[in-house]
Structure formats: structure tokens, C-alpha cells
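Asker: Quick one: this structure, given as C-alpha cells, is what I'll be asking you about.
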Amino acid sequence: MTVDLRDKVEEDRGLIKKIQLCIPGFRGYRQKEDIRIADSMLRQQIADELKNTVLLPLEMTRESASRALELDLMNDLAAVISQAKTAEAKIRHAEQGYTGISPAARIKKTELNALYEYDLALIDGIRGLGDLAKAASGSAGTGNFVKTASLLREIREGFGEFTVIFDKRCVDMAGIGAF
């Protein structure tokens, strides 16, 4: 279960931020800024989850495959690890919907909340990929490289779907798509 960081950020507001909530015209900015902070924290957690639950087991799989001289599998692993590292970087450095105090185009609080919910839903995808990566590591550890290859194909497909979803998020944030 994932904690809603929006509530945590709201609870942890200091005196200055609480005062800002009382200033007319600044309240909305403060609330939106808190949602942006929560989303940024969430994306860091998602990237960490990807690193710990997907990348680390894939690295262990690569070690098992290299010890067994499974060269064909090494190529597949390199591609999947590259996808995982690319996804991690995209998540860590994704657009957060910042518009400043007096922007030319405003991002509404509902849109920022939708963005947070969008990012929250990504955790399930990462956890599913993590389960597959652990299974691949286990099968490689026992020498079942046929099963490992099959699991790597599933992981590649999963990252393909993940990338499409995450790229749609970026397009929506840029205001190109219908958000």
C-alpha cells in the first residue's frame, strides 16, 4: 500500500506555508505547489522502486547468465536493463507541471491532482515488472534459461507498455493532449 504523499506534505507545512495559505491570491499557488512537491516525491519513490525491484534482480540475472556463458540471453538482458534504466531516468526527471505564480498558461489544481493519481498508478506497473524480474532471477539462478528468456520477453513488453503510458503523461503535461 502506498501512502498518499499529498496528505503528508499538507501535514508537514511549516508556519510560513500556513501563513501563505491565509494570503488572498497566494492560497491556490501554495496548494498547487504542495501537490507538485508530493508528485515529485512520489516520482522519486517510483524510480527507487524500479531500481530496487526491477533493476537489481535483472543485474543478478545477468550475473547468472554470464557465469553460465548464456551469450544470447546476455543480449536480451542488455536490452531489458537498458529499458529499465531509461524508464528510471524518465521517471526521475519527468515534467512536474510547474507554472509559477504568474504564468502565461495555468495548470489547475484538478490537473495536478490527476497527474499525481496518474503517477500513483505507475507503481502497480513497476511492481508487476518487479515480480517478473525476480522470477527471471530465480529461474536463471537454477539454470532454467529458457524460462528466463520467456520472462525477459514479458518484461520487455511490459516496459514497452509502460513507456507508452509514461510518454502519454508527458504529452498531456505539455498541453498537447487532452488532459
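Scheme for the C-alpha cells: letters A, B, ... for chains in order shown; per-chain residue numbers from 1; ligand numbers from 1 in order shown.
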Give me the residues near stretch 61-71 of chain A as a PyMOL selection string, where near means some atom within 8 Å (using only C-alpha atoms) and where sequence neighbours in that chain fewer than 6 positions away do not count.

Answerer: chain A and resi 77+136-138+140-141+143+145

Asker: Could you list, as a list of chain:residue names, every residue within 9 Å of A:Arg153, counting only C-alpha atoms and ignoring same-chain residues fewer than 4 positions away?

Answerer: A:Asp76, A:Val80, A:Thr148, A:Ala149, A:Glu157, A:Gly158

Asker: Please report the interatomic distance between atom CA of A:Met41 and atom CA of A:Pro57 in Å with one decimal.

Answerer: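 Distance between the two atoms: 23.9 Å.
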
Asker: Go through A:Ile123, A:Thr142, A:Arg156, A:Arg43 and flag the residue nearest A:Ala84, using only C-alpha atoms for the distances.

Answerer: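 Closest candidate: A:Arg156.
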